[in-house]
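Coordinates from work.cif are shown below (mmCIF, C-alpha atoms).
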```cif
data_entry
loop_
_atom_site.label_atom_id
_atom_site.label_comp_id
_atom_site.auth_asym_id
_atom_site.auth_seq_id
_atom_site.Cartn_x
_atom_site.Cartn_y
_atom_site.Cartn_z
CA MET A 20 56.26 -54.34 35.59
CA ILE A 21 52.70 -54.46 34.38
CA SER A 22 50.86 -57.75 35.03
CA LYS A 23 47.55 -59.11 33.85
CA LEU A 24 44.85 -59.59 36.44
CA SER A 25 42.97 -62.87 36.40
CA GLU A 26 39.26 -62.77 35.53
CA GLU A 27 38.52 -63.37 39.21
CA GLU A 28 40.75 -60.46 40.30
CA SER A 29 39.18 -58.23 37.64
CA TYR A 30 35.65 -59.06 38.83
CA ALA A 31 36.75 -58.43 42.42
CA LEU A 32 37.74 -54.85 41.55
CA LEU A 33 34.51 -54.25 39.63
CA ARG A 34 32.53 -55.66 42.58
CA ASP A 35 34.35 -53.54 45.18
CA LYS A 36 34.20 -50.16 43.50
CA ARG A 37 31.27 -47.76 43.18
CA ILE A 38 32.50 -45.36 40.50
CA ALA A 39 33.26 -46.40 36.93
CA ARG A 40 33.94 -44.37 33.85
CA ILE A 41 31.54 -45.45 31.17
CA GLY A 42 32.41 -45.10 27.53
CA CYS A 43 29.82 -45.19 24.79
CA ILE A 44 29.50 -44.02 21.21
CA ALA A 45 27.42 -40.85 20.79
CA GLY A 46 26.72 -40.29 17.12
CA ASP A 47 30.14 -40.86 15.64
CA GLU A 48 32.26 -39.81 18.60
CA PRO A 49 33.30 -41.43 21.88
CA TYR A 50 31.70 -40.15 25.09
CA VAL A 51 33.04 -40.83 28.60
CA VAL A 52 31.42 -39.90 31.92
CA PRO A 53 31.71 -41.06 35.54
CA LEU A 54 29.04 -43.51 36.64
CA ASN A 55 27.95 -44.52 40.15
CA TYR A 56 27.02 -48.17 40.14
CA VAL A 57 26.63 -51.37 42.09
CA PHE A 58 27.58 -54.77 40.79
CA ASP A 59 25.07 -57.57 41.13
CA ASP A 60 24.89 -60.99 39.50
CA HIS A 61 27.28 -60.26 36.59
CA SER A 62 25.63 -56.92 35.90
CA VAL A 63 26.44 -53.30 36.64
CA LEU A 64 23.30 -51.52 37.89
CA SER A 65 22.88 -47.79 37.61
CA HIS A 66 20.40 -45.03 36.88
CA SER A 67 20.34 -41.73 35.08
CA LEU A 68 18.15 -38.86 34.04
CA PRO A 69 17.55 -38.57 30.29
CA GLY A 70 20.52 -37.00 28.53
CA ARG A 71 23.34 -37.60 26.10
CA LYS A 72 24.56 -40.77 27.85
CA LEU A 73 21.17 -42.49 27.69
CA THR A 74 20.57 -41.38 24.10
CA ALA A 75 23.98 -42.79 23.13
CA MET A 76 23.49 -46.12 24.94
CA ARG A 77 20.04 -46.59 23.41
CA GLU A 78 21.53 -46.12 19.95
CA ASN A 79 24.75 -48.06 20.58
CA PRO A 80 24.09 -50.49 23.44
CA ARG A 81 27.62 -51.91 23.58
CA VAL A 82 29.42 -49.98 26.32
CA CYS A 83 32.82 -50.05 27.98
CA LEU A 84 33.20 -49.73 31.75
CA GLN A 85 36.58 -48.74 33.12
CA VAL A 86 37.24 -49.09 36.86
CA ASP A 87 40.50 -48.48 38.66
CA ASP A 88 42.28 -48.18 41.95
CA ILE A 89 45.19 -45.77 41.57
CA LYS A 90 47.48 -45.31 44.57
CA ASP A 91 50.13 -43.52 42.54
CA LEU A 92 51.81 -43.62 39.14
CA CYS A 93 53.60 -46.89 39.88
CA SER A 94 50.94 -48.65 41.92
CA TRP A 95 47.56 -49.15 40.32
CA LYS A 96 44.99 -51.61 39.01
CA SER A 97 42.63 -51.02 36.11
CA VAL A 98 39.84 -53.13 34.69
CA ILE A 99 37.87 -52.84 31.46
CA ALA A 100 34.52 -54.59 31.18
CA TYR A 101 32.24 -54.76 28.17
CA GLY A 102 28.54 -55.32 28.19
CA ARG A 103 25.21 -54.42 26.73
CA TYR A 104 22.96 -51.63 27.95
CA GLU A 105 19.49 -52.83 29.00
CA GLU A 106 16.79 -50.61 30.48
CA LEU A 107 14.92 -52.06 33.43
CA THR A 108 11.27 -51.24 32.87
CA GLU A 109 9.51 -54.17 34.56
CA PRO A 110 8.33 -52.58 37.87
CA THR A 111 9.56 -55.28 40.27
CA GLU A 112 12.93 -55.58 38.58
CA ARG A 113 13.30 -51.78 38.40
CA ALA A 114 12.38 -51.34 42.10
CA ARG A 115 14.77 -54.09 43.16
CA ALA A 116 17.66 -52.49 41.26
CA LEU A 117 16.82 -49.01 42.57
CA ASN A 118 16.68 -50.32 46.16
CA HIS A 119 20.05 -51.96 45.69
CA LEU A 120 21.47 -48.66 44.39
CA LEU A 121 19.96 -46.56 47.16
CA SER A 122 21.16 -48.93 49.89
CA SER A 123 24.68 -48.64 48.47
CA PHE A 124 24.48 -44.85 48.25
CA PRO A 125 22.80 -43.70 51.48
CA LYS A 126 23.04 -40.03 50.46
CA LEU A 127 20.55 -39.29 47.74
CA THR A 128 22.25 -39.10 44.39
CA PRO A 129 21.74 -36.10 42.09
CA VAL A 130 19.08 -37.98 40.15
CA GLU A 131 16.87 -38.51 43.20
CA SER A 132 17.52 -35.04 44.60
CA LEU A 133 16.35 -33.44 41.40
CA SER A 134 13.28 -35.67 41.19
CA ALA A 135 12.36 -35.06 44.81
CA GLU A 136 12.53 -31.29 44.38
CA ASP A 137 10.50 -31.15 41.23
CA ALA A 138 7.48 -33.39 40.82
CA ALA A 139 7.45 -32.59 37.11
CA ALA A 140 11.00 -33.86 36.66
CA PRO A 141 11.38 -36.97 34.50
CA ALA A 142 11.68 -40.27 36.35
CA PRO A 143 15.22 -41.65 36.41
CA VAL A 144 15.93 -44.46 34.00
CA VAL A 145 17.23 -47.57 35.74
CA PHE A 146 19.50 -49.77 33.70
CA ARG A 147 21.75 -52.77 33.75
CA ILE A 148 24.93 -53.54 31.86
CA ARG A 149 25.38 -57.28 31.76
CA VAL A 150 29.14 -57.85 31.61
CA ASP A 151 30.20 -60.32 28.94
CA SER A 152 33.96 -59.76 28.97
CA ILE A 153 36.44 -58.36 31.43
CA THR A 154 40.20 -57.84 31.48
CA GLY A 155 42.49 -56.12 33.94
CA ILE A 156 46.08 -55.10 34.47
CA SER A 157 48.07 -53.89 37.45
CA GLU A 158 51.45 -52.50 38.35
CA GLY A 159 53.29 -52.51 41.66
CA TRP A 160 50.40 -53.94 43.60
CA GLY A 161 50.52 -56.14 46.70
CA MET B 12 22.29 -29.06 42.57
CA ILE B 13 24.43 -29.68 39.54
CA SER B 14 25.96 -26.54 37.97
CA LYS B 15 27.81 -25.94 34.73
CA LEU B 16 31.45 -24.96 34.95
CA SER B 17 32.61 -22.06 32.83
CA GLU B 18 35.08 -22.78 30.04
CA GLU B 19 37.78 -21.18 32.19
CA GLU B 20 36.92 -23.39 35.20
CA SER B 21 36.86 -26.45 32.95
CA TYR B 22 40.31 -25.67 31.54
CA ALA B 23 41.58 -25.07 35.08
CA LEU B 24 40.63 -28.64 36.09
CA LEU B 25 42.18 -30.11 32.93
CA ARG B 26 45.36 -28.07 33.56
CA ASP B 27 45.62 -29.12 37.23
CA LYS B 28 45.10 -32.85 36.91
CA ARG B 29 47.52 -35.51 35.68
CA ILE B 30 45.19 -38.48 35.09
CA ALA B 31 42.39 -38.50 32.53
CA ARG B 32 40.26 -41.27 31.21
CA ILE B 33 40.52 -41.30 27.47
CA GLY B 34 37.72 -42.64 25.33
CA CYS B 35 38.21 -43.62 21.73
CA ILE B 36 36.50 -45.85 19.19
CA ALA B 37 38.24 -49.19 18.62
CA GLY B 38 36.73 -50.91 15.60
CA ASP B 39 33.04 -50.46 16.32
CA GLU B 40 33.17 -50.35 20.10
CA PRO B 41 34.09 -47.73 22.69
CA TYR B 42 37.38 -48.13 24.55
CA VAL B 43 38.27 -46.30 27.78
CA VAL B 44 41.60 -46.32 29.63
CA PRO B 45 43.36 -44.13 32.19
CA LEU B 46 45.92 -41.73 30.73
CA ASN B 47 48.74 -39.82 32.44
CA TYR B 48 49.12 -36.47 30.78
CA VAL B 49 50.25 -32.89 31.05
CA PHE B 50 48.39 -29.96 29.61
CA ASP B 51 50.33 -27.45 27.55
CA ASP B 52 49.17 -24.72 25.21
CA HIS B 53 45.64 -26.04 24.59
CA SER B 54 46.90 -29.59 24.14
CA VAL B 55 47.02 -32.71 26.25
CA LEU B 56 50.46 -34.34 25.90
CA SER B 57 51.01 -38.01 26.57
CA HIS B 58 52.86 -41.09 25.40
CA SER B 59 52.18 -44.77 25.00
CA LEU B 60 53.63 -48.02 23.80
CA PRO B 61 51.95 -49.49 20.72
CA GLY B 62 48.68 -51.22 21.58
CA ARG B 63 44.95 -51.09 21.24
CA LYS B 64 44.67 -47.44 22.28
CA LEU B 65 47.14 -46.19 19.67
CA THR B 66 45.62 -48.38 16.96
CA ALA B 67 42.18 -47.00 17.80
CA MET B 68 43.30 -43.35 17.86
CA ARG B 69 45.15 -43.71 14.57
CA GLU B 70 41.97 -45.04 12.96
CA ASN B 71 39.56 -42.68 14.72
CA PRO B 72 41.51 -39.58 15.77
CA ARG B 73 38.61 -37.85 17.50
CA VAL B 74 38.94 -38.67 21.20
CA CYS B 75 37.17 -37.77 24.41
CA LEU B 76 39.09 -36.90 27.57
CA GLN B 77 37.27 -37.08 30.89
CA VAL B 78 38.89 -35.57 33.99
CA ASP B 79 37.37 -35.27 37.43
CA ASP B 80 37.89 -34.39 41.05
CA ILE B 81 35.55 -36.49 43.18
CA LYS B 82 35.51 -35.79 46.92
CA ASP B 83 32.36 -37.83 47.47
CA LEU B 84 29.01 -38.59 45.87
CA CYS B 85 27.68 -35.10 46.50
CA SER B 86 30.84 -33.08 45.95
CA TRP B 87 32.58 -33.42 42.62
CA LYS B 88 33.64 -31.75 39.37
CA SER B 89 33.89 -33.43 35.98
CA VAL B 90 35.11 -32.13 32.66
CA ILE B 91 34.84 -33.57 29.16
CA ALA B 92 37.20 -32.32 26.46
CA TYR B 93 37.27 -33.30 22.81
CA GLY B 94 40.21 -33.14 20.50
CA ARG B 95 42.14 -34.76 17.72
CA TYR B 96 44.93 -37.28 18.17
CA GLU B 97 48.23 -36.16 16.57
CA GLU B 98 51.49 -38.09 16.78
CA LEU B 99 54.58 -36.02 17.49
CA THR B 100 57.28 -37.33 15.16
CA GLU B 101 59.38 -34.23 14.54
CA PRO B 102 62.42 -34.85 16.82
CA THR B 103 62.56 -31.44 18.53
CA GLU B 104 58.82 -31.34 19.14
CA ARG B 105 58.80 -34.95 20.38
CA ALA B 106 61.75 -34.34 22.75
CA ARG B 107 60.15 -31.17 24.13
CA ALA B 108 56.88 -32.98 24.87
CA LEU B 109 58.66 -35.97 26.41
CA ASN B 110 60.74 -33.66 28.63
CA HIS B 111 57.59 -31.91 29.75
CA LEU B 112 56.00 -35.28 30.59
CA LEU B 113 59.06 -36.59 32.44
CA SER B 114 59.45 -33.40 34.48
CA SER B 115 55.81 -33.74 35.55
CA PHE B 116 56.25 -37.43 36.41
CA PRO B 117 59.59 -37.71 38.20
CA LYS B 118 59.15 -41.46 38.70
CA LEU B 119 59.65 -43.27 35.43
CA THR B 120 56.30 -44.25 33.99
CA PRO B 121 55.63 -47.83 32.83
CA VAL B 122 56.49 -46.92 29.26
CA GLU B 123 59.98 -45.71 30.13
CA SER B 124 60.59 -48.53 32.61
CA LEU B 125 59.85 -51.12 29.97
CA SER B 126 62.00 -49.38 27.38
CA ALA B 127 64.89 -48.98 29.80
CA GLU B 128 64.86 -52.68 30.69
CA ASP B 129 64.70 -53.96 27.16
CA ALA B 130 66.71 -52.24 24.46
CA ALA B 131 64.66 -54.10 21.83
CA ALA B 132 61.39 -52.67 23.16
CA PRO B 133 59.56 -50.34 20.77
CA ALA B 134 60.05 -46.61 21.37
CA PRO B 135 57.09 -44.95 23.05
CA VAL B 136 54.84 -42.95 20.79
CA VAL B 137 54.50 -39.35 21.94
CA PHE B 138 51.25 -37.66 21.05
CA ARG B 139 49.17 -34.56 21.51
CA ILE B 140 45.43 -34.09 21.69
CA ARG B 141 44.65 -30.52 20.76
CA VAL B 142 41.48 -29.67 22.67
CA ASP B 143 38.82 -28.02 20.53
CA SER B 144 35.86 -28.15 22.91
CA ILE B 145 35.43 -28.49 26.65
CA THR B 146 32.48 -28.60 29.04
CA GLY B 147 32.24 -29.25 32.74
CA ILE B 148 29.75 -29.71 35.55
CA SER B 149 30.03 -29.75 39.32
CA GLU B 150 27.97 -30.46 42.40
CA GLY B 151 28.42 -29.25 45.97
CA TRP B 152 31.74 -27.60 45.30
CA GLY B 153 33.21 -24.54 47.06
#
```
Since I need it in another form, could you write the structure as structure tokens?
Amino acid sequence: MISKLSEEESYALLRDKRIARIGCIAGDEPYVVPLNYVFDDHSVLSHSLPGRKLTAMRENPRVCLQVDDIKDLCSWKSVIAYGRYEELTEPTERARALNHLLSSFPKLTPVESLSAEDAAAPAPVVFRIRVDSITGISEGWG
Amino acid sequence: MISKLSEEESYALLRDKRIARIGCIAGDEPYVVPLNYVFDDHSVLSHSLPGRKLTAMRENPRVCLQVDDIKDLCSWKSVIAYGRYEELTEPTERARALNHLLSSFPKLTPVESLSAEDAAAPAPVVFRIRVDSITGISEGWG
């Protein structure tokens, strides 16, 4: 049987995980990609090089984050969180978020690797998605 | 370094996997959920009970399927496929797709479990997403 997760249980999954799938609207079509993130103070923090995802989120800032823990077909949890895309441009705020990300991902992520190898590469954009609603469901768990 | 997958490599990942994240547009916001599927003849086959996902796909049939294989932060593949949602209502076609799904998922999925327990439950909707474009990228693979 499928059960609803409480808001607290849903936030716990979002807090624990490091990979979400982020859905946004690109032009007039949906666009979904994996996203490495950390959760901090009701916000998902992440970073990205310029590309289709950033263009889409700048145009349509309301985004959907989907996070799950799937053991098998009959034992899983899944959470959907909505929030608004906000770029972190203030230097202290940006550095704090980037430090938080890098401490959670000790191996350099693709964004930093590319930047480190090529001084002319664009700086990664650091952003926050402040979660304003969250729901979750589970089956066969615990 | 991140590399592009060929169309053939992208289809191979979509063919091999059984869980996608499907992105659609629900009203004016993106909506992303996990989806169990099988791939058959250039189409993703799946099924669902009535709900937000089906309502969204009926209104906005263009959907995005995201499938990945993530070993760790620096070793992963991810594919994005676009296609059009089509309900399978013709009995032979519907039965064939459902048989294909059930043979790929020997344990009853939530949809069938619910229907089996409650004769008054709505019949699952069986649908196809005929893929018309696919792209993929990978890092640190093979």
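All residues that come within 6 Å of the coordinates (37.3, -44.5, 19.9), counting only C-alpha atoms, are given as Pro49 of chain A; Gly34, Cys35, Ile36, Ala37, Pro41, Tyr42, Ala67 and Asn71 of chain B.
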Computed interatomic separation between atom CA of Ser21 of chain B and atom CA of Gly147 of chain B (Å):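 Computing it gives 5.4 Å between the two atoms.
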All in-order C-alpha pairs, least squares, chain B moved onto chain A. Output the fitted coordinates as a PDB file with C-alpha atoms, in the coordinates of the input, please.
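In the end it all went to superposed28.pdb:
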```
ATOM      1  CA  MET B  12      56.262 -54.313  35.615  1.00  0.00           C
ATOM      2  CA  ILE B  13      52.708 -54.425  34.391  1.00  0.00           C
ATOM      3  CA  SER B  14      50.875 -57.724  35.044  1.00  0.00           C
ATOM      4  CA  LYS B  15      47.555 -59.086  33.860  1.00  0.00           C
ATOM      5  CA  LEU B  16      44.848 -59.586  36.444  1.00  0.00           C
ATOM      6  CA  SER B  17      42.969 -62.860  36.395  1.00  0.00           C
ATOM      7  CA  GLU B  18      39.278 -62.773  35.514  1.00  0.00           C
ATOM      8  CA  GLU B  19      38.517 -63.373  39.193  1.00  0.00           C
ATOM      9  CA  GLU B  20      40.742 -60.455  40.296  1.00  0.00           C
ATOM     10  CA  SER B  21      39.170 -58.238  37.642  1.00  0.00           C
ATOM     11  CA  TYR B  22      35.646 -59.059  38.826  1.00  0.00           C
ATOM     12  CA  ALA B  23      36.747 -58.435  42.418  1.00  0.00           C
ATOM     13  CA  LEU B  24      37.741 -54.839  41.551  1.00  0.00           C
ATOM     14  CA  LEU B  25      34.501 -54.244  39.629  1.00  0.00           C
ATOM     15  CA  ARG B  26      32.511 -55.672  42.573  1.00  0.00           C
ATOM     16  CA  ASP B  27      34.335 -53.544  45.177  1.00  0.00           C
ATOM     17  CA  LYS B  28      34.192 -50.155  43.509  1.00  0.00           C
ATOM     18  CA  ARG B  29      31.256 -47.763  43.192  1.00  0.00           C
ATOM     19  CA  ILE B  30      32.491 -45.356  40.494  1.00  0.00           C
ATOM     20  CA  ALA B  31      33.253 -46.388  36.923  1.00  0.00           C
ATOM     21  CA  ARG B  32      33.921 -44.371  33.851  1.00  0.00           C
ATOM     22  CA  ILE B  33      31.528 -45.445  31.172  1.00  0.00           C
ATOM     23  CA  GLY B  34      32.402 -45.098  27.521  1.00  0.00           C
ATOM     24  CA  CYS B  35      29.809 -45.205  24.796  1.00  0.00           C
ATOM     25  CA  ILE B  36      29.482 -44.027  21.211  1.00  0.00           C
ATOM     26  CA  ALA B  37      27.410 -40.858  20.790  1.00  0.00           C
ATOM     27  CA  GLY B  38      26.693 -40.288  17.113  1.00  0.00           C
ATOM     28  CA  ASP B  39      30.133 -40.865  15.640  1.00  0.00           C
ATOM     29  CA  GLU B  40      32.243 -39.816  18.600  1.00  0.00           C
ATOM     30  CA  PRO B  41      33.276 -41.428  21.880  1.00  0.00           C
ATOM     31  CA  TYR B  42      31.668 -40.161  25.081  1.00  0.00           C
ATOM     32  CA  VAL B  43      33.018 -40.834  28.588  1.00  0.00           C
ATOM     33  CA  VAL B  44      31.411 -39.926  31.920  1.00  0.00           C
ATOM     34  CA  PRO B  45      31.705 -41.055  35.537  1.00  0.00           C
ATOM     35  CA  LEU B  46      29.032 -43.516  36.652  1.00  0.00           C
ATOM     36  CA  ASN B  47      27.949 -44.531  40.162  1.00  0.00           C
ATOM     37  CA  TYR B  48      27.012 -48.171  40.140  1.00  0.00           C
ATOM     38  CA  VAL B  49      26.619 -51.372  42.081  1.00  0.00           C
ATOM     39  CA  PHE B  50      27.574 -54.769  40.792  1.00  0.00           C
ATOM     40  CA  ASP B  51      25.062 -57.577  41.125  1.00  0.00           C
ATOM     41  CA  ASP B  52      24.908 -60.987  39.505  1.00  0.00           C
ATOM     42  CA  HIS B  53      27.259 -60.274  36.581  1.00  0.00           C
ATOM     43  CA  SER B  54      25.623 -56.918  35.907  1.00  0.00           C
ATOM     44  CA  VAL B  55      26.442 -53.311  36.630  1.00  0.00           C
ATOM     45  CA  LEU B  56      23.301 -51.528  37.882  1.00  0.00           C
ATOM     46  CA  SER B  57      22.878 -47.792  37.603  1.00  0.00           C
ATOM     47  CA  HIS B  58      20.394 -45.040  36.872  1.00  0.00           C
ATOM     48  CA  SER B  59      20.338 -41.738  35.066  1.00  0.00           C
ATOM     49  CA  LEU B  60      18.142 -38.874  34.028  1.00  0.00           C
ATOM     50  CA  PRO B  61      17.552 -38.576  30.281  1.00  0.00           C
ATOM     51  CA  GLY B  62      20.516 -37.002  28.502  1.00  0.00           C
ATOM     52  CA  ARG B  63      23.337 -37.599  26.109  1.00  0.00           C
ATOM     53  CA  LYS B  64      24.537 -40.774  27.829  1.00  0.00           C
ATOM     54  CA  LEU B  65      21.150 -42.500  27.677  1.00  0.00           C
ATOM     55  CA  THR B  66      20.575 -41.392  24.087  1.00  0.00           C
ATOM     56  CA  ALA B  67      23.977 -42.790  23.129  1.00  0.00           C
ATOM     57  CA  MET B  68      23.477 -46.121  24.927  1.00  0.00           C
ATOM     58  CA  ARG B  69      20.031 -46.588  23.416  1.00  0.00           C
ATOM     59  CA  GLU B  70      21.521 -46.129  19.946  1.00  0.00           C
ATOM     60  CA  ASN B  71      24.728 -48.076  20.578  1.00  0.00           C
ATOM     61  CA  PRO B  72      24.081 -50.505  23.441  1.00  0.00           C
ATOM     62  CA  ARG B  73      27.602 -51.912  23.576  1.00  0.00           C
ATOM     63  CA  VAL B  74      29.411 -49.986  26.312  1.00  0.00           C
ATOM     64  CA  CYS B  75      32.800 -50.048  27.973  1.00  0.00           C
ATOM     65  CA  LEU B  76      33.182 -49.729  31.738  1.00  0.00           C
ATOM     66  CA  GLN B  77      36.567 -48.738  33.127  1.00  0.00           C
ATOM     67  CA  VAL B  78      37.221 -49.074  36.865  1.00  0.00           C
ATOM     68  CA  ASP B  79      40.483 -48.473  38.664  1.00  0.00           C
ATOM     69  CA  ASP B  80      42.263 -48.164  41.963  1.00  0.00           C
ATOM     70  CA  ILE B  81      45.179 -45.764  41.573  1.00  0.00           C
ATOM     71  CA  LYS B  82      47.463 -45.304  44.582  1.00  0.00           C
ATOM     72  CA  ASP B  83      50.117 -43.517  42.545  1.00  0.00           C
ATOM     73  CA  LEU B  84      51.808 -43.612  39.155  1.00  0.00           C
ATOM     74  CA  CYS B  85      53.600 -46.864  39.905  1.00  0.00           C
ATOM     75  CA  SER B  86      50.935 -48.631  41.942  1.00  0.00           C
ATOM     76  CA  TRP B  87      47.557 -49.139  40.342  1.00  0.00           C
ATOM     77  CA  LYS B  88      44.975 -51.597  39.012  1.00  0.00           C
ATOM     78  CA  SER B  89      42.628 -51.001  36.094  1.00  0.00           C
ATOM     79  CA  VAL B  90      39.840 -53.114  34.693  1.00  0.00           C
ATOM     80  CA  ILE B  91      37.871 -52.830  31.461  1.00  0.00           C
ATOM     81  CA  ALA B  92      34.520 -54.595  31.177  1.00  0.00           C
ATOM     82  CA  TYR B  93      32.237 -54.759  28.170  1.00  0.00           C
ATOM     83  CA  GLY B  94      28.536 -55.315  28.190  1.00  0.00           C
ATOM     84  CA  ARG B  95      25.196 -54.425  26.731  1.00  0.00           C
ATOM     85  CA  TYR B  96      22.955 -51.622  27.939  1.00  0.00           C
ATOM     86  CA  GLU B  97      19.475 -52.838  28.994  1.00  0.00           C
ATOM     87  CA  GLU B  98      16.775 -50.620  30.473  1.00  0.00           C
ATOM     88  CA  LEU B  99      14.907 -52.061  33.435  1.00  0.00           C
ATOM     89  CA  THR B 100      11.239 -51.253  32.857  1.00  0.00           C
ATOM     90  CA  GLU B 101       9.497 -54.170  34.548  1.00  0.00           C
ATOM     91  CA  PRO B 102       8.314 -52.592  37.855  1.00  0.00           C
ATOM     92  CA  THR B 103       9.542 -55.296  40.253  1.00  0.00           C
ATOM     93  CA  GLU B 104      12.922 -55.579  38.562  1.00  0.00           C
ATOM     94  CA  ARG B 105      13.298 -51.784  38.398  1.00  0.00           C
ATOM     95  CA  ALA B 106      12.363 -51.355  42.091  1.00  0.00           C
ATOM     96  CA  ARG B 107      14.777 -54.104  43.153  1.00  0.00           C
ATOM     97  CA  ALA B 108      17.662 -52.490  41.259  1.00  0.00           C
ATOM     98  CA  LEU B 109      16.824 -49.013  42.559  1.00  0.00           C
ATOM     99  CA  ASN B 110      16.674 -50.327  46.142  1.00  0.00           C
ATOM    100  CA  HIS B 111      20.043 -51.962  45.677  1.00  0.00           C
ATOM    101  CA  LEU B 112      21.475 -48.672  44.368  1.00  0.00           C
ATOM    102  CA  LEU B 113      19.955 -46.567  47.154  1.00  0.00           C
ATOM    103  CA  SER B 114      21.152 -48.938  49.881  1.00  0.00           C
ATOM    104  CA  SER B 115      24.676 -48.655  48.463  1.00  0.00           C
ATOM    105  CA  PHE B 116      24.450 -44.853  48.257  1.00  0.00           C
ATOM    106  CA  PRO B 117      22.773 -43.716  51.471  1.00  0.00           C
ATOM    107  CA  LYS B 118      23.042 -40.053  50.463  1.00  0.00           C
ATOM    108  CA  LEU B 119      20.549 -39.273  47.743  1.00  0.00           C
ATOM    109  CA  THR B 120      22.312 -39.111  44.407  1.00  0.00           C
ATOM    110  CA  PRO B 121      21.814 -36.133  42.063  1.00  0.00           C
ATOM    111  CA  VAL B 122      19.131 -37.986  40.146  1.00  0.00           C
ATOM    112  CA  GLU B 123      16.947 -38.524  43.202  1.00  0.00           C
ATOM    113  CA  SER B 124      17.617 -35.041  44.580  1.00  0.00           C
ATOM    114  CA  LEU B 125      16.413 -33.455  41.377  1.00  0.00           C
ATOM    115  CA  SER B 126      13.345 -35.672  41.201  1.00  0.00           C
ATOM    116  CA  ALA B 127      12.467 -35.034  44.833  1.00  0.00           C
ATOM    117  CA  GLU B 128      12.637 -31.260  44.373  1.00  0.00           C
ATOM    118  CA  ASP B 129      10.579 -31.127  41.231  1.00  0.00           C
ATOM    119  CA  ALA B 130       7.557 -33.372  40.885  1.00  0.00           C
ATOM    120  CA  ALA B 131       7.489 -32.605  37.145  1.00  0.00           C
ATOM    121  CA  ALA B 132      11.045 -33.885  36.671  1.00  0.00           C
ATOM    122  CA  PRO B 133      11.361 -36.998  34.502  1.00  0.00           C
ATOM    123  CA  ALA B 134      11.692 -40.305  36.364  1.00  0.00           C
ATOM    124  CA  PRO B 135      15.225 -41.667  36.404  1.00  0.00           C
ATOM    125  CA  VAL B 136      15.923 -44.469  33.989  1.00  0.00           C
ATOM    126  CA  VAL B 137      17.230 -47.570  35.742  1.00  0.00           C
ATOM    127  CA  PHE B 138      19.502 -49.764  33.684  1.00  0.00           C
ATOM    128  CA  ARG B 139      21.759 -52.772  33.751  1.00  0.00           C
ATOM    129  CA  ILE B 140      24.926 -53.536  31.847  1.00  0.00           C
ATOM    130  CA  ARG B 141      25.373 -57.279  31.765  1.00  0.00           C
ATOM    131  CA  VAL B 142      29.127 -57.824  31.613  1.00  0.00           C
ATOM    132  CA  ASP B 143      30.190 -60.299  28.944  1.00  0.00           C
ATOM    133  CA  SER B 144      33.951 -59.753  28.973  1.00  0.00           C
ATOM    134  CA  ILE B 145      36.444 -58.345  31.442  1.00  0.00           C
ATOM    135  CA  THR B 146      40.205 -57.814  31.491  1.00  0.00           C
ATOM    136  CA  GLY B 147      42.490 -56.106  33.946  1.00  0.00           C
ATOM    137  CA  ILE B 148      46.089 -55.070  34.475  1.00  0.00           C
ATOM    138  CA  SER B 149      48.058 -53.868  37.470  1.00  0.00           C
ATOM    139  CA  GLU B 150      51.443 -52.471  38.378  1.00  0.00           C
ATOM    140  CA  GLY B 151      53.284 -52.497  41.698  1.00  0.00           C
ATOM    141  CA  TRP B 152      50.383 -53.933  43.626  1.00  0.00           C
ATOM    142  CA  GLY B 153      50.533 -56.158  46.733  1.00  0.00           C
TER     143      GLY B 153
END
```
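Candidate residues B:Ser144, B:Asn110, B:Ser17, B:Gln77 were compared for distance to chain A, and the nearest is B:Gln77, using all atoms listed in the file.
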Selection result for the PyMOL selection byres ((chain B and resi 112) around 12) on this file, as a PyMOL selection string: chain B and resi 29+46-51+55-59+105-111+113-120+122-123+137-139
Can you build me a table of chain B residues sitting at most 8 Å from chain A, with the closest atom pair per residue and its distance in Å to one decimal, using only C-alpha atoms, sorted by chain and residue number, as a Markdown table?
```
| residue | atom | partner | partner_atom | distance |
| --- | --- | --- | --- | --- |
| B:Met12 | CA | A:Pro129 | CA | 7.1 |
| B:Ile13 | CA | A:Pro129 | CA | 7.4 |
| B:Arg32 | CA | A:Arg40 | CA | 7.5 |
| B:Ile33 | CA | A:Val51 | CA | 7.6 |
| B:Gly34 | CA | A:Pro49 | CA | 5.7 |
| B:Cys35 | CA | A:Pro49 | CA | 5.4 |
| B:Ile36 | CA | A:Pro49 | CA | 6.1 |
| B:Glu40 | CA | A:Arg81 | CA | 6.7 |
| B:Pro41 | CA | A:Cys43 | CA | 5.4 |
| B:Tyr42 | CA | A:Cys83 | CA | 6.0 |
| B:Val43 | CA | A:Gly42 | CA | 6.0 |
| B:Val44 | CA | A:Gln85 | CA | 6.6 |
| B:Pro45 | CA | A:Ser97 | CA | 8.0 |
| B:Arg73 | CA | A:Glu48 | CA | 6.7 |
| B:Val74 | CA | A:Pro49 | CA | 6.3 |
| B:Cys75 | CA | A:Pro49 | CA | 5.9 |
| B:Leu76 | CA | A:Val51 | CA | 7.3 |
| B:Gln77 | CA | A:Val51 | CA | 6.1 |
| B:Leu84 | CA | A:Thr128 | CA | 6.9 |
| B:Cys85 | CA | A:Thr128 | CA | 7.1 |
| B:Ser89 | CA | A:Pro53 | CA | 7.9 |
| B:Ile91 | CA | A:Val51 | CA | 7.5 |
| B:Lys118 | CA | A:Leu92 | CA | 7.7 |
| B:Thr120 | CA | A:Leu92 | CA | 6.9 |
| B:Pro121 | CA | A:Met20 | CA | 7.1 |
| B:Ser124 | CA | A:Met20 | CA | 7.8 |
| B:Leu125 | CA | A:Met20 | CA | 7.4 |
```
Neighbour list for Ser157 of chain A as a PyMOL selection string, cut-off 8 Å, all atoms listed in the file, skip fewer than 5 positions in-chain: chain A and resi 21-24+94-97
Å distance separating atom CA of Gly46 of chain A from atom CA of Leu99 of chain B, one decimal place: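 Atom CA of Gly46 of chain A sits 28.2 Å away from atom CA of Leu99 of chain B.
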